[in-house]
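Working notes, structure below.
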Amino acid sequence: MTSYFEGIDKIKYEGLKSDNQLAFRWYDKNKQVLGKSMAEQLRFAVCYWHSFCWNGFDPFGYDGTFTRPWHKIADVKEQALAKADVAFDFFTKLDVPFYCFHDRDVIGEGKTPQESKKLLWEMSDVLAKKQQDTGVKLLWGTANAFSNRRYMSGAGTNPDFEVFAFAAAQIREVLEVTHKLGGENYVLWGGREGYETLINTDLKKEGQSFGRLLNLIVEHKHKIGFKGTILIEPKPREPSKHQYDFDVQTVYGFLKAHGLEKEIKVNIEGNHATLAGHTFEHEIAMAVAYDIMGSIDMNRGDYQCGWDTDQFPNSIPDTALAYYYLMQGGGYTTGGTNFDAKVRRQSIDPVDMFYGHVGAMDVCARSLLIAEQMINDGKLAKAVSDRYSSWNGQLAQDTLAGKVSLADLSKYVLDKNVDPAPTSGRQEYLENLLNQYI
Ligand code: XLS
Ligand code: NI
Ligand code: NI
């Protein structure tokens with residue numbers, strides 16, 4: 001069998017002297033960084049959908065621009081097999097430890113729920129064999145509960161109970177298949193869990209049914225003994241006008257409201273953060289602060305476009321800050337760095353898929369090294385802790401512990417004639433310090 005990536009060898013680390021664009025200059029998988037190898041810290045994953053399912057279509061170019069041979073295969077099973085061959089060939093040549101998929105990426109949907117279930121389970125045997133042969137592991141699986149027209153008004157938040165039940169049944173299969181394949185996480189991205197217009201929407205009801213669905217998933221996870229992490233991937237909109245899982249802080253509030261804050265964590269995507277009006281590192285730092293940091297969908301948006309362009313990361317300062325906050329929180333446990341990114345639709349050659357991923361892996365590796373320096377140096381962290389040092393005093397500690405009343409604080413201020421002296425936030429100094437690491 002000839003490879004779709006004929007002529008491209010396994011990508012290797014060649015270091016800074018190399019100008020080979022099909023080699024890593026920074027990603028040296030065995031290099032030790034903050035106590036682990038780079039491979040173990042970064043836990044790279046390639047996603048199935050952007051590289052092997054998308055054909056380069058956009059709203060003005062329905063037919064797509066790519067001519068991937070497997071897209072022309074009409075038979076569902078044959079197409080799935082051909083696609084899996086290419087996918088695992090790519091993962092192996094790129095030398096990534098993980099991959100991610102939606103159920104409908106790995107094999108198309110059947111005519112009935114029963115047929116779909118059968119197809120997915122058959123395909124899971126193929127994937128299990130490929131994982132065994134290549135050593136590539138599953139970072140996470142997810143159910144596509146947004147593409148089919150039945151999901152136009154949502155899955156877990158659909159006004160029609162039948163759709164809710166359908167989604168629940170679909171998620172059950174994908175969760176079990178993920179478990180069977182040794183998946184380390186299970187992701188829920190609710191692309192249509194939101195609304196288009198409030199005038200046909202019952203917000204409260206949709207929140208209740210979505211909360212119920214999450215509880216059902218968590219119950220089932222424990223029932224089948226799945227040890228991975230359930231992750232919600234926040235995004236503020238697109239395709240919904242307004243999505244309920246807006247950002248990390250909103251998701252935390254929702255989890256808390258449904259008693260799930262110890263059960264579910266977040267999968268944070270760079271481009272979703274910026275769509276929500278935040279930086280990537282804001283979302284990561286927020287998740288670390290609330291103890292719900294799970295995994296990352298690594299990509300970037302476009303500074304001028306307000307949509308999810310899913311471009312490969314290429315800004316080292318931005319990515320370095322993302323890893324700095326991730327590593328400050330202890331790094332990944334079950335999560336990883338999944339490239340939820342795609343080449344541009346004019347990048348039609350097989351080799352372009354390598355350029356996209358290889359460059360992105362190097363950006364991440366270099367950023368991780370910068371984060372390591374920042375952490376070992378400790379100057380930034382010290383500046384922050386110094387800024388809050390007055391909270392170490394007894395009265396402040398008692399206040400946090402709930403032992404002090406408003407009247408006590410008032411007495412303290414009045415008795416002592418407290419007159420706080422403002423201190424500089426040192427933003428420019430710290431920005432300059434940051435640039436020294438880059
Ligand atoms: C879309 C999301 C999606 C999820 C998986 O914007 O990023 O690709 O990661 O369903
Ligand atoms: Ni994503
Ligand atoms: Ni996205």
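Chains: A, B, ... in order of the structure tokens. Residues: from 1 per chain. Ligands: from 1, in order shown.
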At most 9 Å from ligand 1 (only C-alpha atoms and all ligand atoms): residue list as a PyMOL selection string: chain A and resi 47+49-50+100-102+141-146+187-191+233-235+237-239+267-269+271-272+297+308-310+338+340-341
When DSSP is applied to the backbone of this structure, which of region 212-396 of chain A are assigned helix (DSSP H, G or I)? Write them out as a PyMOL selection string. chain A and resi 212-224+248-257+270-275+280-289+316-328+350-377+379-387+389-392+394-396
Residues near Thr67 (chain A), cut-off 8 Å, only C-alpha atoms, skip fewer than 2 positions along chain, as a list in words: Asn55, Thr65, Pro69, His71 and Ile348 of chain A
Would you mind telling me which residue in A:Leu231, A:Met353, A:Leu430, A:Ala407 lies nearest to Met293 (chain A) when using only C-alpha atoms?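 Ranked by minimum distance to Met293 (chain A), first place goes to A:Leu231.
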Using only C-alpha atoms, which protein or nucleic acid residues come within 9 Å of region 78-93 of chain A? Drop anything in the same chain fewer than 4 positions from it, and give the result as a CSV table (one decimal) with all heavy atoms, in the first residue's frame.
chain,number,residue,atom,x,y,z
A,3,SER,N,1.8,5.1,0.7
A,3,SER,CA,1.3,6.0,1.8
A,3,SER,C,0.8,7.3,1.1
A,3,SER,O,1.4,7.8,0.1
A,3,SER,CB,2.5,6.3,2.7
A,3,SER,OG,2.2,7.4,3.5
A,4,TYR,N,-0.2,7.9,1.7
A,4,TYR,CA,-0.7,9.2,1.3
A,4,TYR,C,0.5,10.3,1.5
A,4,TYR,O,0.5,11.3,0.8
A,4,TYR,CB,-1.9,9.6,2.1
A,4,TYR,CG,-2.5,11.0,1.7
A,4,TYR,CD1,-3.0,11.2,0.4
A,4,TYR,CD2,-2.6,12.0,2.6
A,4,TYR,CE1,-3.6,12.4,0.0
A,4,TYR,CE2,-3.1,13.2,2.2
A,4,TYR,CZ,-3.6,13.4,1.0
A,4,TYR,OH,-4.2,14.6,0.6
A,5,PHE,N,1.3,9.9,2.5
A,5,PHE,CA,2.4,10.8,2.8
A,5,PHE,C,3.8,10.3,2.2
A,5,PHE,O,4.8,10.4,2.9
A,5,PHE,CB,2.5,11.0,4.3
A,5,PHE,CG,1.2,11.5,4.9
A,5,PHE,CD1,0.4,10.6,5.7
A,5,PHE,CD2,0.7,12.7,4.6
A,5,PHE,CE1,-0.8,11.0,6.2
A,5,PHE,CE2,-0.5,13.2,5.1
A,5,PHE,CZ,-1.2,12.3,5.9
A,8,ILE,N,7.6,11.3,2.9
A,8,ILE,CA,7.8,12.0,4.1
A,8,ILE,C,8.2,11.0,5.2
A,8,ILE,O,7.4,10.0,5.4
A,8,ILE,CB,6.6,12.8,4.6
A,8,ILE,CG1,6.2,13.8,3.5
A,8,ILE,CG2,6.8,13.4,5.9
A,8,ILE,CD1,4.9,14.4,3.7
A,9,ASP,N,9.4,11.1,5.8
A,9,ASP,CA,9.8,10.2,6.8
A,9,ASP,C,9.3,10.6,8.1
A,9,ASP,O,8.8,11.7,8.3
A,9,ASP,CB,11.4,10.1,6.8
A,9,ASP,CG,11.9,9.6,5.5
A,9,ASP,OD1,11.2,8.8,4.8
A,9,ASP,OD2,13.0,10.0,5.1
A,10,LYS,N,9.6,9.7,9.1
A,10,LYS,CA,9.2,10.0,10.5
A,10,LYS,C,9.9,11.3,10.9
A,10,LYS,O,11.1,11.5,10.6
A,10,LYS,CB,9.7,8.9,11.4
A,10,LYS,CG,9.1,9.0,12.8
A,10,LYS,CD,9.4,7.7,13.5
A,10,LYS,CE,8.7,7.8,14.9
A,10,LYS,NZ,8.1,6.5,15.3
A,11,ILE,N,9.2,12.2,11.5
A,11,ILE,CA,9.8,13.5,11.9
A,11,ILE,C,10.7,13.3,13.1
A,11,ILE,O,10.3,12.8,14.1
A,11,ILE,CB,8.7,14.5,12.2
A,11,ILE,CG1,7.6,14.6,11.1
A,11,ILE,CG2,9.2,15.9,12.5
A,11,ILE,CD1,8.1,15.1,9.8
A,45,ALA,N,-1.5,15.6,21.0
A,45,ALA,CA,-2.5,14.8,20.3
A,45,ALA,C,-2.9,15.5,19.0
A,45,ALA,O,-3.0,16.7,18.9
A,45,ALA,CB,-3.8,14.7,21.2
A,46,VAL,N,-3.2,14.6,18.0
A,46,VAL,CA,-3.7,15.1,16.7
A,46,VAL,C,-5.2,14.8,16.7
A,46,VAL,O,-5.7,13.8,17.1
A,46,VAL,CB,-3.0,14.4,15.5
A,46,VAL,CG1,-3.7,14.6,14.2
A,46,VAL,CG2,-1.6,14.8,15.4
A,48,TYR,N,-8.8,14.0,14.8
A,48,TYR,CA,-9.2,13.4,13.6
A,48,TYR,C,-9.9,14.3,12.6
A,48,TYR,O,-9.8,14.2,11.4
A,48,TYR,CB,-10.2,12.3,14.0
A,48,TYR,CG,-10.0,10.9,13.4
A,48,TYR,CD1,-9.1,10.0,14.0
A,48,TYR,CD2,-10.6,10.4,12.3
A,48,TYR,CE1,-8.9,8.7,13.5
A,48,TYR,CE2,-10.4,9.2,11.8
A,48,TYR,CZ,-9.6,8.3,12.4
A,48,TYR,OH,-9.4,7.0,11.9
A,51,SER,N,-8.0,17.2,10.2
A,51,SER,CA,-7.1,16.7,9.2
A,51,SER,C,-7.6,15.6,8.3
A,51,SER,O,-7.2,15.5,7.2
A,51,SER,CB,-5.8,16.1,9.9
A,51,SER,OG,-5.1,17.2,10.5
A,52,PHE,N,-8.5,14.8,8.8
A,52,PHE,CA,-8.9,13.6,8.0
A,52,PHE,C,-10.4,13.7,7.6
A,52,PHE,O,-10.8,12.9,6.7
A,52,PHE,CB,-8.6,12.3,8.8
A,52,PHE,CG,-7.2,12.3,9.3
A,52,PHE,CD1,-6.9,12.5,10.6
A,52,PHE,CD2,-6.1,12.3,8.4
A,52,PHE,CE1,-5.6,12.6,11.1
A,52,PHE,CE2,-4.8,12.3,8.8
A,52,PHE,CZ,-4.6,12.5,10.2
A,53,CYS,N,-11.2,14.6,8.1
A,53,CYS,CA,-12.6,14.6,7.8
A,53,CYS,C,-13.0,15.8,7.0
A,53,CYS,O,-13.7,15.8,6.0
A,53,CYS,CB,-13.5,14.6,9.0
A,53,CYS,SG,-13.1,13.1,10.1
A,69,PRO,N,-8.1,11.2,-1.2
A,69,PRO,CA,-8.6,10.0,-1.9
A,69,PRO,C,-9.7,9.3,-1.1
A,69,PRO,O,-10.7,8.9,-1.7
A,69,PRO,CB,-7.4,9.1,-2.1
A,69,PRO,CG,-6.2,9.9,-1.7
A,69,PRO,CD,-6.6,11.2,-1.0
A,70,TRP,N,-9.6,9.2,0.2
A,70,TRP,CA,-10.6,8.5,1.0
A,70,TRP,C,-11.9,9.2,1.1
A,70,TRP,O,-13.0,8.5,1.3
A,70,TRP,CB,-10.0,8.2,2.4
A,70,TRP,CG,-9.7,9.4,3.2
A,70,TRP,CD1,-10.5,10.0,4.2
A,70,TRP,CD2,-8.5,10.1,3.2
A,70,TRP,NE1,-9.9,11.1,4.7
A,70,TRP,CE2,-8.6,11.2,4.2
A,70,TRP,CE3,-7.3,10.0,2.5
A,70,TRP,CZ2,-7.6,12.1,4.4
A,70,TRP,CZ3,-6.3,10.9,2.8
A,70,TRP,CH2,-6.4,12.0,3.7
A,71,HIS,N,-12.0,10.5,0.8
A,71,HIS,CA,-13.3,11.1,0.8
A,71,HIS,C,-14.1,10.7,-0.4
A,71,HIS,O,-15.4,10.9,-0.4
A,71,HIS,CB,-13.1,12.7,0.7
A,71,HIS,CG,-12.6,13.3,2.0
A,71,HIS,ND1,-12.1,14.5,2.1
A,71,HIS,CD2,-12.6,12.8,3.2
A,71,HIS,CE1,-11.7,14.8,3.3
A,71,HIS,NE2,-12.0,13.7,4.1
A,72,LYS,N,-13.5,10.1,-1.4
A,72,LYS,CA,-14.3,9.7,-2.6
A,72,LYS,C,-14.9,8.3,-2.4
A,72,LYS,O,-15.7,7.9,-3.2
A,72,LYS,CB,-13.4,9.7,-3.8
A,72,LYS,CG,-12.8,11.0,-4.2
A,72,LYS,CD,-12.3,11.0,-5.6
A,72,LYS,CE,-11.4,12.3,-5.8
A,72,LYS,NZ,-10.0,12.0,-5.6
A,73,ILE,N,-14.5,7.6,-1.3
A,73,ILE,CA,-15.0,6.2,-1.2
A,73,ILE,C,-16.5,6.3,-0.6
A,73,ILE,O,-16.7,6.9,0.5
A,73,ILE,CB,-14.1,5.4,-0.2
A,73,ILE,CG1,-12.7,5.4,-0.7
A,73,ILE,CG2,-14.6,4.0,0.0
A,73,ILE,CD1,-11.7,4.8,0.2
A,74,ALA,N,-17.4,5.7,-1.3
A,74,ALA,CA,-18.8,5.9,-1.0
A,74,ALA,C,-19.2,4.9,0.2
A,74,ALA,O,-20.0,5.3,1.1
A,74,ALA,CB,-19.7,5.6,-2.2
A,97,PRO,N,2.1,11.1,20.7
A,97,PRO,CA,1.6,9.9,21.6
A,97,PRO,C,0.1,9.7,21.6
A,97,PRO,O,-0.4,8.6,21.9
A,97,PRO,CB,2.1,10.3,23.0
A,97,PRO,CG,2.3,11.8,23.0
A,97,PRO,CD,2.6,12.2,21.6
A,98,PHE,N,-0.7,10.7,21.2
A,98,PHE,CA,-2.1,10.6,21.3
A,98,PHE,C,-2.9,11.1,20.1
A,98,PHE,O,-2.4,11.9,19.3
A,98,PHE,CB,-2.6,11.5,22.5
A,98,PHE,CG,-2.2,11.1,23.8
A,98,PHE,CD1,-1.1,11.8,24.5
A,98,PHE,CD2,-2.8,10.0,24.5
A,98,PHE,CE1,-0.7,11.4,25.7
A,98,PHE,CE2,-2.3,9.6,25.8
A,98,PHE,CZ,-1.3,10.3,26.4
A,99,TYR,N,-4.2,10.7,20.0
A,99,TYR,CA,-5.1,11.3,19.0
A,99,TYR,C,-6.5,11.5,19.7
A,99,TYR,O,-6.7,11.0,20.8
A,99,TYR,CB,-5.2,10.4,17.8
A,99,TYR,CG,-6.0,9.1,18.0
A,99,TYR,CD1,-7.3,8.9,17.3
A,99,TYR,CD2,-5.6,8.1,18.8
A,99,TYR,CE1,-8.0,7.7,17.5
A,99,TYR,CE2,-6.3,6.9,18.9
A,99,TYR,CZ,-7.5,6.7,18.3
A,99,TYR,OH,-8.2,5.6,18.5
A,105,ASP,N,-16.4,11.0,13.2
A,105,ASP,CA,-15.2,11.2,12.4
A,105,ASP,C,-14.7,9.8,12.0
A,105,ASP,O,-14.2,9.7,10.9
A,105,ASP,CB,-14.1,11.8,13.3
A,105,ASP,CG,-14.4,13.2,13.8
A,105,ASP,OD1,-15.3,13.8,13.3
A,105,ASP,OD2,-13.8,13.6,14.8
A,106,VAL,N,-14.7,8.9,12.9
A,106,VAL,CA,-14.0,7.6,12.7
A,106,VAL,C,-14.8,6.7,11.8
A,106,VAL,O,-14.3,5.9,11.0
A,106,VAL,CB,-13.6,6.9,13.9
A,106,VAL,CG1,-12.5,7.6,14.6
A,106,VAL,CG2,-14.7,6.6,14.9
A,107,ILE,N,-16.2,6.9,11.8
A,107,ILE,CA,-17.0,6.1,10.9
A,107,ILE,C,-18.4,6.9,10.8
A,107,ILE,O,-18.9,7.4,11.8
A,107,ILE,CB,-17.2,4.7,11.3
A,107,ILE,CG1,-17.9,3.9,10.2
A,107,ILE,CG2,-18.0,4.5,12.7
A,107,ILE,CD1,-17.6,2.4,10.2
A,108,GLY,N,-18.9,6.9,9.6
A,108,GLY,CA,-20.2,7.6,9.4
A,108,GLY,C,-21.4,7.0,10.2
A,108,GLY,O,-21.3,5.9,10.7
A,123,MET,N,-15.9,-0.4,14.3
A,123,MET,CA,-14.7,0.4,14.0
A,123,MET,C,-13.8,0.5,15.3
A,123,MET,O,-12.6,0.6,15.1
A,123,MET,CB,-15.2,1.8,13.7
A,123,MET,CG,-14.1,2.7,13.1
A,123,MET,SD,-13.4,1.9,11.6
A,123,MET,CE,-11.8,2.8,11.5
A,126,VAL,N,-11.1,-2.0,15.0
A,126,VAL,CA,-10.0,-1.5,14.1
A,126,VAL,C,-9.1,-0.5,14.8
A,126,VAL,O,-7.9,-0.7,14.8
A,126,VAL,CB,-10.6,-0.9,12.8
A,126,VAL,CG1,-9.6,-0.3,11.9
A,126,VAL,CG2,-11.6,-1.9,12.1
A,127,LEU,N,-9.7,0.4,15.5
A,127,LEU,CA,-8.9,1.4,16.2
A,127,LEU,C,-8.1,0.8,17.3
A,127,LEU,O,-6.9,1.1,17.5
A,127,LEU,CB,-9.8,2.5,16.8
A,127,LEU,CG,-10.6,3.3,15.7
A,127,LEU,CD1,-11.6,4.3,16.4
A,127,LEU,CD2,-9.6,4.2,14.9
A,130,LYS,N,-5.1,-0.8,15.7
A,130,LYS,CA,-4.2,0.3,15.3
A,130,LYS,C,-3.4,0.9,16.4
A,130,LYS,O,-2.2,1.1,16.4
A,130,LYS,CB,-4.9,1.4,14.5
A,130,LYS,CG,-5.6,1.0,13.3
A,130,LYS,CD,-5.1,1.8,12.1
A,130,LYS,CE,-5.5,1.3,10.8
A,130,LYS,NZ,-4.5,0.9,9.9
A,131,GLN,N,-4.1,1.1,17.5
A,131,GLN,CA,-3.4,1.6,18.7
A,131,GLN,C,-2.4,0.7,19.2
A,131,GLN,O,-1.3,1.1,19.6
A,131,GLN,CB,-4.5,1.9,19.9
A,131,GLN,CG,-5.3,3.1,19.6
A,131,GLN,CD,-6.3,3.4,20.7
A,131,GLN,OE1,-7.4,3.9,20.5
A,131,GLN,NE2,-6.1,2.9,21.9
A,134,THR,N,0.7,0.6,16.8
A,134,THR,CA,1.5,1.8,16.7
A,134,THR,C,1.9,2.4,18.0
A,134,THR,O,2.8,3.2,18.1
A,134,THR,CB,0.7,3.0,16.0
A,134,THR,OG1,-0.5,3.2,16.7
A,134,THR,CG2,0.3,2.6,14.5
A,135,GLY,N,1.2,2.0,19.1
A,135,GLY,CA,1.5,2.6,20.4
A,135,GLY,C,0.9,4.0,20.6
A,135,GLY,O,1.0,4.6,21.6
A,136,VAL,N,0.1,4.4,19.6
A,136,VAL,CA,-0.6,5.7,19.7
A,136,VAL,C,-1.8,5.5,20.6
A,136,VAL,O,-2.5,4.5,20.5
A,136,VAL,CB,-1.0,6.3,18.3
A,136,VAL,CG1,-1.8,7.6,18.5
A,136,VAL,CG2,0.2,6.5,17.5
A,353,MET,N,-0.1,19.3,6.0
A,353,MET,CA,-0.5,18.9,7.3
A,353,MET,C,0.7,18.7,8.2
A,353,MET,O,0.5,18.9,9.4
A,353,MET,CB,-1.3,17.5,7.1
A,353,MET,CG,-2.6,17.7,6.4
A,353,MET,SD,-3.3,16.1,5.8
A,353,MET,CE,-3.4,15.2,7.2
A,354,PHE,N,1.8,18.3,7.7
A,354,PHE,CA,3.0,18.2,8.5
A,354,PHE,C,3.5,19.6,8.9
A,354,PHE,O,3.9,19.8,10.1
A,354,PHE,CB,4.1,17.4,7.8
A,354,PHE,CG,3.8,15.9,7.9
A,354,PHE,CD1,3.1,15.3,6.9
A,354,PHE,CD2,4.3,15.2,9.0
A,354,PHE,CE1,2.9,13.9,7.0
A,354,PHE,CE2,4.1,13.8,9.1
A,354,PHE,CZ,3.3,13.2,8.1
Those of region 132-358 of chain A in DSSP strand (DSSP E or B), formatted as number ranges by chain: A: 137-142, 185-188, 194-195, 229-232, 242-243, 264-269, 293-298, 300, 311, 337-339
Exercise: Arg43 (chain A) partners within 8 Å, only C-alpha atoms, chain neighbours under 4 positions left out, as a PyMOL selection string: chain A and resi 39+96-98+335-337
Residues within 9 Å of Val251 (chain A), please, as a ChimeraX atom specification. Count only C-alpha atoms; anything in the same chain fewer than 4 positions from it doesn't count. /A:232-234,244-247,255-256,266
Okay, now the selection with N, CA, C and O atoms, as a short mmCIF file (atom, residue, chain, number, x, y, z; two decimals), in the first residue's frame?
data_model
loop_
_atom_site.label_atom_id
_atom_site.label_comp_id
_atom_site.auth_asym_id
_atom_site.auth_seq_id
_atom_site.Cartn_x
_atom_site.Cartn_y
_atom_site.Cartn_z
N ILE A 232 -15.66 19.45 29.97
CA ILE A 232 -16.53 20.34 29.18
C ILE A 232 -15.62 21.32 28.47
O ILE A 232 -14.69 21.84 29.07
N GLU A 233 -15.92 21.56 27.20
CA GLU A 233 -15.10 22.50 26.43
C GLU A 233 -15.90 23.80 26.24
O GLU A 233 -16.84 23.85 25.46
N PRO A 234 -15.55 24.85 26.97
CA PRO A 234 -16.31 26.10 26.86
C PRO A 234 -16.10 26.79 25.52
O PRO A 234 -15.03 26.71 24.91
N TYR A 244 -24.33 28.20 26.24
CA TYR A 244 -24.38 28.22 27.70
C TYR A 244 -23.00 28.04 28.34
O TYR A 244 -22.72 28.63 29.37
N ASP A 245 -22.14 27.20 27.75
CA ASP A 245 -20.80 26.96 28.32
C ASP A 245 -19.86 28.08 27.88
O ASP A 245 -18.83 27.84 27.26
N PHE A 246 -20.23 29.30 28.19
CA PHE A 246 -19.57 30.48 27.64
C PHE A 246 -18.05 30.51 27.85
O PHE A 246 -17.29 30.71 26.91
N ASP A 247 -17.64 30.35 29.07
CA ASP A 247 -16.20 30.37 29.39
C ASP A 247 -15.98 29.55 30.65
O ASP A 247 -16.93 28.99 31.20
N LEU A 255 -21.45 23.97 36.90
CA LEU A 255 -21.10 22.69 37.55
C LEU A 255 -21.48 22.73 39.03
O LEU A 255 -22.05 21.78 39.57
N LYS A 256 -21.19 23.84 39.65
CA LYS A 256 -21.50 24.02 41.06
C LYS A 256 -23.02 23.92 41.29
O LYS A 256 -23.47 23.25 42.22
N VAL A 266 -12.41 21.06 32.71
CA VAL A 266 -12.58 21.74 31.43
C VAL A 266 -11.47 21.42 30.43
O VAL A 266 -10.33 21.14 30.80
#
